[in-house]
file coords_19.csv (CSV, C-alpha atoms and all ligand atoms)
chain,number,residue,atom,x,y,z
A,200,MET,CA,93.5,96.5,100.4
A,201,ALA,CA,97.1,96.8,99.5
A,202,VAL,CA,99.7,95.7,102.0
A,203,ASP,CA,103.0,97.3,103.1
A,204,ALA,CA,105.7,94.8,102.1
A,205,THR,CA,108.1,96.2,104.7
A,206,LEU,CA,105.9,94.8,107.6
A,207,PRO,CA,106.8,91.6,109.4
A,208,TYR,CA,105.3,88.3,108.2
A,209,ASP,CA,101.8,87.7,109.4
A,210,ASP,CA,101.2,84.0,109.8
A,211,GLN,CA,97.4,84.5,109.7
A,212,ASN,CA,97.5,85.6,106.0
A,213,ILE,CA,95.3,83.6,103.7
A,214,PHE,CA,98.1,81.9,101.9
A,215,ALA,CA,99.8,80.8,105.1
A,216,ARG,CA,96.4,79.2,106.0
A,217,ILE,CA,96.2,77.5,102.6
A,218,LEU,CA,99.8,76.1,103.2
A,219,ARG,CA,98.6,74.8,106.6
A,220,GLY,CA,95.6,73.1,105.0
A,221,GLU,CA,93.2,75.3,107.0
A,222,ILE,CA,91.6,76.7,103.8
A,223,PRO,CA,91.1,74.6,100.6
A,224,ALA,CA,92.7,75.5,97.3
A,225,ARG,CA,92.6,73.9,93.8
A,226,LYS,CA,96.1,72.5,93.8
A,227,VAL,CA,98.1,72.4,90.6
A,228,PHE,CA,101.5,71.3,91.9
A,229,GLU,CA,103.4,70.9,95.2
A,230,ASP,CA,106.9,70.0,96.1
A,231,ASP,CA,109.2,70.6,99.1
A,232,TRP,CA,109.6,74.3,98.2
A,233,ALA,CA,106.4,75.5,96.7
A,234,LEU,CA,102.7,75.1,96.2
A,235,ALA,CA,100.8,76.1,93.1
A,236,PHE,CA,97.1,76.5,93.0
A,237,HIS,CA,94.4,78.2,90.9
A,238,ASP,CA,93.5,81.8,91.8
A,239,ILE,CA,90.0,82.1,93.3
A,240,ASN,CA,89.2,85.1,91.1
A,241,PRO,CA,91.0,84.4,87.8
A,242,GLN,CA,92.0,87.4,85.6
A,243,SER,CA,92.7,85.1,82.6
A,244,PRO,CA,91.5,81.7,81.4
A,245,THR,CA,94.4,80.2,83.3
A,246,HIS,CA,95.5,82.0,86.4
A,247,ILE,CA,97.8,80.1,88.7
A,248,LEU,CA,99.5,81.3,91.9
A,249,VAL,CA,102.8,79.8,93.0
A,250,ILE,CA,103.9,80.4,96.6
A,251,PRO,CA,107.0,79.4,98.5
A,252,LYS,CA,106.5,77.2,101.5
A,253,GLY,CA,108.7,79.5,103.6
A,254,ALA,CA,107.3,82.6,105.5
A,255,TYR,CA,108.2,85.5,103.1
A,256,VAL,CA,106.1,88.6,102.8
A,257,SER,CA,107.1,89.6,99.3
A,258,TRP,CA,109.6,89.2,96.4
A,259,ASP,CA,111.8,91.7,98.3
A,260,ASP,CA,111.7,89.7,101.5
A,261,PHE,CA,112.3,86.4,99.7
A,262,SER,CA,115.2,87.7,97.5
A,263,ALA,CA,116.9,89.2,100.6
A,264,ARG,CA,116.4,86.4,103.1
A,265,ALA,CA,115.7,83.0,101.4
A,266,SER,CA,118.4,80.4,101.2
A,267,GLU,CA,119.9,79.3,97.8
A,268,PRO,CA,117.9,76.0,97.9
A,269,GLU,CA,114.7,77.9,98.6
A,270,ILE,CA,115.3,80.3,95.8
A,271,SER,CA,116.2,77.7,93.2
A,272,GLY,CA,113.4,75.4,94.4
A,273,PHE,CA,110.9,78.2,94.1
A,274,VAL,CA,112.1,79.3,90.7
A,275,ARG,CA,112.0,75.8,89.4
A,276,ALA,CA,108.5,75.2,90.8
A,277,VAL,CA,107.2,78.2,88.9
A,278,GLY,CA,108.6,76.9,85.7
A,279,HIS,CA,107.4,73.4,86.4
A,280,ALA,CA,103.8,74.5,87.2
A,281,ALA,CA,103.6,76.5,83.9
A,282,ARG,CA,105.2,73.6,81.9
A,283,GLU,CA,102.9,71.0,83.4
A,284,ALA,CA,99.9,73.2,82.6
A,285,GLY,CA,101.0,73.2,79.0
A,286,LEU,CA,101.6,77.0,78.9
A,287,VAL,CA,105.1,77.1,77.3
A,288,ALA,CA,104.0,76.9,73.7
A,289,PRO,CA,101.1,79.3,73.8
A,290,GLY,CA,103.0,81.5,76.3
A,291,TYR,CA,102.3,82.9,79.7
A,292,ARG,CA,103.1,86.0,81.9
A,293,LEU,CA,104.6,86.1,85.4
A,294,LEU,CA,103.8,88.8,87.8
A,295,ALA,CA,104.8,89.3,91.5
A,296,ASN,CA,103.3,92.4,93.2
A,297,THR,CA,105.4,93.9,95.9
A,298,GLY,CA,104.0,96.4,98.3
A,299,LEU,CA,101.6,99.4,98.2
A,300,ASP,CA,102.0,100.8,94.7
A,301,SER,CA,101.8,97.3,93.1
A,302,HIS,CA,98.5,96.6,94.9
A,303,GLN,CA,99.8,93.5,96.6
A,304,GLU,CA,96.9,92.2,98.7
A,305,VAL,CA,98.2,89.0,100.3
A,306,PRO,CA,101.4,89.4,102.4
A,307,HIS,CA,102.9,86.0,101.4
A,308,LEU,CA,105.1,86.0,98.3
A,309,HIS,CA,103.1,84.8,95.3
A,310,VAL,CA,103.9,84.7,91.6
A,311,HIS,CA,100.9,85.0,89.3
A,312,VAL,CA,100.9,82.9,86.1
A,313,PHE,CA,98.5,84.3,83.6
A,314,ALA,CA,97.8,82.4,80.3
A,315,GLY,CA,95.0,81.1,78.1
A,316,ARG,CA,94.6,84.1,75.7
A,317,PRO,CA,96.6,86.8,74.1
A,318,LEU,CA,97.4,89.0,77.2
A,319,GLY,CA,97.9,92.3,75.5
A,320,PRO,CA,100.1,95.1,76.8
A,321,LEU,CA,102.0,94.8,80.0
A,322,LEU,CA,100.1,97.3,82.1
A,323,ALA,CA,96.7,98.8,82.0
A,324,ARG,CA,96.9,102.6,81.6
A,401,LIG,P1,97.9,90.2,94.8
A,401,LIG,O1,97.0,91.4,94.5
A,401,LIG,O2,98.3,90.1,96.3
A,401,LIG,O3,99.1,90.2,93.9
A,401,LIG,O4,97.1,88.9,94.5
A,401,LIG,C1,96.4,88.2,95.4
A,401,LIG,C2,95.6,87.1,94.6
A,401,LIG,O5,95.2,86.2,95.6
A,401,LIG,C3,94.4,87.7,93.9
A,401,LIG,O6,94.5,87.4,92.5
A,401,LIG,C4,93.2,86.9,94.6
A,401,LIG,O7,92.2,86.6,93.7
A,401,LIG,C5,93.9,85.7,95.2
A,401,LIG,N1,93.2,85.2,96.4
A,401,LIG,C6,92.8,85.9,97.5
A,401,LIG,N2,92.3,85.0,98.4
A,401,LIG,C7,92.4,83.8,97.8
A,401,LIG,C8,92.0,82.5,98.3
A,401,LIG,O8,91.5,82.3,99.4
A,401,LIG,N3,92.2,81.4,97.5
A,401,LIG,C9,92.8,81.6,96.3
A,401,LIG,N4,93.0,80.5,95.5
A,401,LIG,N5,93.2,82.8,95.8
A,401,LIG,C10,93.0,83.9,96.6

call {"tool": "encode", "arguments": {"input": "coords_19.csv", "output": "structure tokens"}}
result
Amino acid sequence: MAVDATLPYDDQNIFARILRGEIPARKVFEDDWALAFHDINPQSPTHILVIPKGAYVSWDDFSARASEPEISGFVRAVGHAAREAGLVAPGYRLLANTGLDSHQEVPHLHVHVFAGRPLGPLLAR
């Protein structure tokens, strides 16, 4: 079910639980600012999720409230995860759903990294 990105942060969301180690994830990369792991239901041959370590509901929340080190750390972590996975030469797509119309399902900011085949047009019609 899509979540309302204007609601307060819920620390019981599934990605908060992954960050706390309460639920396993297939980790790709981790540093002080971010964790990258494989999506449980991949939509492309490579489908990685990158999340900030801080408690942010969405891109909107993060871009409004995160500190400069958190923002730069997270942006670099997304690039690093994709680079380390060998995705730069073949190419990849980033996507961050925010709120109801986007169909965001998990209320902790995550950037999807899609790759591994030609991805086609930007949006399904
Ligand atoms: P959203 O629709 O919020 O942008 O994307 C949420 C993503 O989280 C979906 O692609 C879904 O497959 C993934 N996901 C949901 N629960 C889990 C989980 O427990 N583990 C992992 N690795 N991915 C999950």

call {"tool": "closest_residue", "arguments": {"input": "coords_19.csv", "among": "A:His302, A:Arg264, A:Arg316, A:His237", "to": "A:Ala204", "atoms": "only C-alpha atoms"}}
result
A:His302

call {"tool": "residues_near_ligand", "arguments": {"input": "coords_19.csv", "ligand": "ligand LIG 401 (chain A)", "cutoff": "7 Å", "atoms": "only C-alpha atoms and all ligand atoms", "output": "PyMOL selection string"}}
result
chain A and resi 213+224-225+236-241+295-296+302-306+309

call {"tool": "atom_distance", "arguments": {"input": "coords_19.csv", "atom1": "atom CA of A:Gln211", "atom2": "atom CA of A:Leu293"}}
result
25.4 Å

call {"tool": "closest_residue", "arguments": {"input": "coords_19.csv", "among": "A:Leu299, A:Ala284, A:Val310, A:Leu318", "to": "A:Met200", "atoms": "only C-alpha atoms"}}
result
A:Leu299

call {"tool": "closest_residue", "arguments": {"input": "coords_19.csv", "among": "A:Arg292, A:His307, A:Arg275, A:Arg324", "to": "A:His246", "atoms": "only C-alpha atoms"}}
result
A:Arg292

call {"tool": "closest_residue", "arguments": {"input": "coords_19.csv", "among": "A:Lys226, A:Trp232, A:Ala215, A:Ala280", "to": "A:Ser266", "atoms": "all atoms listed in the file"}}
result
A:Trp232

call {"tool": "residues_around", "arguments": {"input": "coords_19.csv", "residues": "A:Val287", "least_positions_apart": "3", "cutoff": "12 Å", "atoms": "only C-alpha atoms", "output": "VMD selection string"}}
result
chain A and resid 277 to 284 290 to 292 312 to 315

call {"tool": "write_last_selection", "arguments": {"input": "coords_19.csv", "atoms": "C-alpha atoms", "output": "mmCIF file, in the coordinates of the input"}}
result
data_model
loop_
_atom_site.group_PDB
_atom_site.id
_atom_site.type_symbol
_atom_site.label_atom_id
_atom_site.label_comp_id
_atom_site.auth_asym_id
_atom_site.auth_seq_id
_atom_site.Cartn_x
_atom_site.Cartn_y
_atom_site.Cartn_z
ATOM 1 C CA VAL A 277 107.200 78.200 88.900
ATOM 2 C CA GLY A 278 108.600 76.900 85.700
ATOM 3 C CA HIS A 279 107.400 73.400 86.400
ATOM 4 C CA ALA A 280 103.800 74.500 87.200
ATOM 5 C CA ALA A 281 103.600 76.500 83.900
ATOM 6 C CA ARG A 282 105.200 73.600 81.900
ATOM 7 C CA GLU A 283 102.900 71.000 83.400
ATOM 8 C CA ALA A 284 99.900 73.200 82.600
ATOM 9 C CA GLY A 290 103.000 81.500 76.300
ATOM 10 C CA TYR A 291 102.300 82.900 79.700
ATOM 11 C CA ARG A 292 103.100 86.000 81.900
ATOM 12 C CA VAL A 312 100.900 82.900 86.100
ATOM 13 C CA PHE A 313 98.500 84.300 83.600
ATOM 14 C CA ALA A 314 97.800 82.400 80.300
ATOM 15 C CA GLY A 315 95.000 81.100 78.100
#

call {"tool": "residues_around", "arguments": {"input": "coords_19.csv", "residues": "A:Val256", "least_positions_apart": "5", "cutoff": "10 Å", "atoms": "all atoms listed in the file", "output": "ChimeraX atom specification"}}
result
/A:202-210,212,261,297-298,305-309

call {"tool": "atom_distance", "arguments": {"input": "coords_19.csv", "atom1": "atom CA of A:Ser271", "atom2": "atom CA of A:Pro320"}}
result
28.8 Å

call {"tool": "atom_distance", "arguments": {"input": "coords_19.csv", "atom1": "atom CA of A:Leu218", "atom2": "atom CA of A:Asp300"}}
result
26.2 Å

call {"tool": "closest_residue", "arguments": {"input": "coords_19.csv", "among": "A:Leu322, A:Ile217, A:Ala276, A:Val249", "to": "A:Asp230", "atoms": "all atoms listed in the file"}}
result
A:Ala276

call {"tool": "closest_residue", "arguments": {"input": "coords_19.csv", "among": "A:Thr245, A:Ser262, A:Ser301, A:Ser257", "to": "A:Gly285", "atoms": "all atoms listed in the file"}}
result
A:Thr245
